[in-house]
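Each remark here refers to the structure printed beneath this line.
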Amino acid sequence: MQNSKSLKIDAAKIEEATADLLEAKNRQLPELKVSASYLYLPLKPNVDIRLPGVSGAGGPEVHQVAFGSANLSVPIYSGGRIKYGIESAKYLVEASKLSTENDKVAIAYNVAQAYNNLFKANQSIKVLEENLTASQKRDETFLKLENNGVIARNDRLKANLQTSNIELQLLEAKNNYNIANINMDLLLGLPETTEIEVDQNYVDESDDVKPVSFYLNEARENRKDLQALDQQRKAAELGTKSAKAENLPSIAFTGGYVAADIPKFLTIYNAVNVGVGISYNLSNLWKENSSLKQSKAREMQLSPTNELLNDNIKLDVNREYQNSDYSKKRITVFEKAAVQANENYRITKNKYDNGLATMTELLDADAAQIAANVGVINAKADAALAYRKLLQTTGTLTIK
């Protein structure tokens, strides 16, 4: 979670949504603007004063002008645009946070999947190493038997070939382990040379599977993407209300201060003004409200999107429930097959020792025994992963 690049992107999206919320809140605060100017007039302007009793002839020489103003505006009524904007922004911030939580669940499953591959490769290595040791000892015994003329050279070579096959399987398992270990290191933000220790109890962590209705209810209550979509729908509804409010006038309390100085001609100060300002965009009378149409279109999109997501959740939960049940049943079958394969090898070995079975039969029984034992490990690991996949579809998968 700390090193996920996806979550870092999500954090930036939350920051962006939070900034949008701050912008929406700022619209309800007073606006205070101050301006000042100084102008130099290189040419003598023509000043013609036309006031009763005042002669404009021979007016003063004006070469500079300085003036400043301060304007205050406090919104009183805006048709609800400010209020709806703030509420909508809050919903979008919450939607961003919920999307992040949904991504955390997906990351949790990615880690479980990577760990599952690491576990399977690690356990396969152990089984194959045990069988390789036994096969190498058998080769030594068969070499002595060949030298004493008890078995044919061809039979001894068959046993050597079996050993080579086990070595190849072991090399493949170690290669898979190395790749899985590097993948885990990258996911965890660790150096690529770090070796992850495998927990032997990993395959026994899953709980008893409950009825599918339980997981469907869990999904409805805990799926963060569903909750995020609900927040987006609420934001879209408020967006529609805000768009409608654009056709209404805005009222604000206004105040200002003006000061000016024109040397030898005019000085103004303490020109304070207060009042109420009303603004209305007359073009709304003949222009169609495009923002309203866009907002309604977003609402129309989100409604079927919500229905589609609910359908997909039902499908995902039912599918992964079946897969989890199937994976658990596979364990029983593989364990049964392993017992049978081990017993078959024991019997075949006894027969071979007594000259009642061929070398080919013995080696086939040995290969079947290896495959069955590795199959049990893989089946248990796959069942553990399938259960975690089921939890992911309900939005309840966490890393302990």
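By convention in this document, the chains of the structure tokens carry letters A, B, ... by their order, each chain's residues are numbered from 1, and ligands are numbered from 1 in the order they are shown.
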
Item to check | Non-local contacts of Asp199 in chain A (12 Å; only C-alpha atoms; under 2 positions in same chain excluded) as a list in words | outcome: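 Non-adjacent residues within range: Tyr115, Asn116, Leu118, Phe119, Lys120, Asn122, Gln123, Ile196, Glu197, Asn201, Tyr202, Val203, Asp204, Glu205 and Ala381 of chain A.
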
Residues just named, written with N, CA, C and O atoms as a CSV table (one decimal), in the first residue's frame:
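The result, written out as part_4.csv:
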chain,number,residue,atom,x,y,z
A,115,TYR,N,1.9,-13.7,-4.3
A,115,TYR,CA,2.3,-14.5,-3.2
A,115,TYR,C,1.9,-16.0,-3.4
A,115,TYR,O,2.7,-16.9,-3.1
A,116,ASN,N,0.8,-16.2,-4.0
A,116,ASN,CA,0.3,-17.6,-4.3
A,116,ASN,C,1.3,-18.2,-5.3
A,116,ASN,O,1.7,-19.4,-5.1
A,118,LEU,N,4.5,-17.5,-5.6
A,118,LEU,CA,5.7,-17.7,-4.9
A,118,LEU,C,5.6,-19.0,-4.0
A,118,LEU,O,6.5,-19.8,-4.0
A,119,PHE,N,4.4,-19.1,-3.4
A,119,PHE,CA,4.2,-20.3,-2.5
A,119,PHE,C,4.2,-21.6,-3.3
A,119,PHE,O,4.9,-22.5,-2.9
A,120,LYS,N,3.5,-21.6,-4.4
A,120,LYS,CA,3.4,-22.8,-5.2
A,120,LYS,C,4.8,-23.2,-5.7
A,120,LYS,O,5.2,-24.4,-5.7
A,122,ASN,N,7.7,-22.4,-4.4
A,122,ASN,CA,8.5,-22.8,-3.2
A,122,ASN,C,8.2,-24.3,-2.8
A,122,ASN,O,9.1,-25.1,-2.6
A,123,GLN,N,6.9,-24.6,-2.7
A,123,GLN,CA,6.5,-25.9,-2.3
A,123,GLN,C,6.9,-27.0,-3.4
A,123,GLN,O,7.3,-28.1,-3.0
A,196,ILE,N,11.9,-13.5,-0.2
A,196,ILE,CA,10.7,-13.5,0.7
A,196,ILE,C,10.6,-14.9,1.3
A,196,ILE,O,10.6,-15.9,0.6
A,197,GLU,N,10.4,-14.9,2.6
A,197,GLU,CA,10.2,-16.2,3.3
A,197,GLU,C,8.7,-16.6,3.2
A,197,GLU,O,7.8,-15.8,3.5
A,201,ASN,N,1.7,-21.8,6.6
A,201,ASN,CA,0.3,-21.9,6.9
A,201,ASN,C,-0.6,-21.1,6.0
A,201,ASN,O,-1.8,-20.9,6.2
A,202,TYR,N,-0.1,-20.6,4.9
A,202,TYR,CA,-0.8,-19.7,4.0
A,202,TYR,C,-2.0,-20.4,3.4
A,202,TYR,O,-3.1,-19.8,3.3
A,203,VAL,N,-1.9,-21.7,3.1
A,203,VAL,CA,-3.1,-22.4,2.5
A,203,VAL,C,-4.2,-22.8,3.5
A,203,VAL,O,-5.2,-23.2,3.1
A,204,ASP,N,-3.9,-22.6,4.8
A,204,ASP,CA,-4.9,-23.0,5.8
A,204,ASP,C,-5.6,-21.7,6.4
A,204,ASP,O,-6.4,-21.9,7.3
A,205,GLU,N,-5.4,-20.6,5.8
A,205,GLU,CA,-6.0,-19.3,6.3
A,205,GLU,C,-7.4,-19.1,6.0
A,205,GLU,O,-8.1,-18.3,6.6
A,381,ALA,N,-3.1,-24.2,-2.8
A,381,ALA,CA,-2.8,-22.8,-3.0
A,381,ALA,C,-3.8,-22.2,-3.9
A,381,ALA,O,-4.2,-21.0,-3.6

Next on the checklist: as a list in words, please: every residue in range 97-304 of chain A that a backbone DSSP assignment puts in strand (DSSP E).
Outcome noted: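 Those residues are Ser250, Ile251, Ala252, Phe253, Thr254, Gly255, Gly256, Tyr257, Val258, Ala259, Ala260, Asp261, Ile262, Leu266, Thr267, Ile268, Tyr269, Asn270, Ala271, Val272, Asn273, Val274, Gly275, Val276, Gly277, Ile278 and Ser279 of chain A.
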
Checklist entry - Pick the closest to Val74 in chain A from A:Asp311, A:Glu31, A:Asp261, A:Glu343: which is it, counting only C-alpha atoms? => result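 Checking each of A:Asp311, A:Glu31, A:Asp261, A:Glu343 against Val74 in chain A, counting only C-alpha atoms, the winner is A:Glu31.
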
Item to check | Backbone DSSP call of helix (DSSP H, G or I) for range 91-331 of chain A, listed as a ChimeraX atom specification | outcome: /A:91-147,153-188,202-204,212-222,224-247,282-285,290-331

Checklist entry - Pick from A:Ala19, A:Asn147, A:Ser295, A:Ala121: nearest to Asn181 in chain A, with only C-alpha atoms counted? => result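 Of all the options, A:Ala121 lies closest to Asn181 in chain A.
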
Checklist entry - Smallest atom-to-atom distance to Asn222 in chain A: which of A:Ser324, A:Thr393, A:Thr332, A:Asn131, using only C-alpha atoms? => result A:Thr393

Item to check | Distance of CA of Gln232 in chain A from CA of Glu23 in chain A, expressed in Å to one decimal place | outcome: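 Separating CA of Glu23 in chain A from CA of Gln232 in chain A is a distance of 18.4 Å.
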
Item to check | Nearest to Lys244 in chain A, chosen from A:Asn289, A:Gln227, A:Thr18, A:Ser73, with only C-alpha atoms counted in the distances | outcome: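 So, comparing all the options, the nearest one is A:Asn289.
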
Checklist entry - Can you list, as a list in words, every protein, DNA or RNA residue that comes within 12 Å of Glu129 in chain A when you count only C-alpha atoms, leaving out same-chain residues fewer than 2 positions away? => result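 Returned residues: Asn122, Gln123, Ser124, Ile125, Lys126, Val127, Asn131, Leu132, Thr133, Ala134, Ser135, Gln136, Thr163, Ile166, Glu167, Leu168, Gln169, Leu170, Leu171, Ala173, Lys174, Ile370 and Val374 of chain A.
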
Item to check | A:Val62, A:Leu186, A:Lys33, A:Glu307 ranked by distance to Lys264 in chain A, top pick (using only C-alpha atoms) | outcome: A:Val62

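Counting only C-alpha atoms, range 152-161 of chain A has the following residues at most 9 Å away, ignoring those fewer than 3 positions along the same chain: Ser135, Gln136, Arg138, Asp139, Phe142, Leu143, Leu145, Glu146, Asn147, Gly149, Ser164, Asn165, Ile166, Thr358, Met359, Thr360 and Leu363 of chain A.
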
Checklist entry - By how many Å are CA of Glu195 in chain A and CA of Asn110 in chain A apart? => result 18.5 Å

Checklist entry - With only C-alpha atoms as the atoms that count, which of A:Lys13, A:Lys90, A:Lys137, A:Lys97 lies nearest to Ala235 in chain A? => result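 Selected residue with least distance to Ala235 in chain A: A:Lys90.
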
Next on the checklist: So that I can see what lies close to Trp286 in chain A, please list as a list in words the residues with an atom at most 12 Å from it, counting only C-alpha atoms and leaving out residues fewer than 4 positions away in the same chain.
Outcome noted: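 Surrounding residues, per the criterion: Asn247, Asn281 and Leu282 of chain A.
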
Item to check | Ala371 in chain A environment, 10 Å, only C-alpha atoms, sequence neighbours closer than 2 positions dropped, as a PyMOL selection string | outcome: chain A and resi 124+127-128+334+337-338+341+365-369+373-376

Next on the checklist: Please compute the CA of Ser99 in chain A-CA of Ile14 in chain A distance, one decimal, in Å.
Outcome noted: 9.5 Å

Checklist entry - Lys380 in chain A: which residues within 8 Å, counting only C-alpha atoms, same-chain residues fewer than 5 positions away excluded, as a list of chain:residue names? => result A:Val203, A:Ser327, A:Lys328, A:Ile331
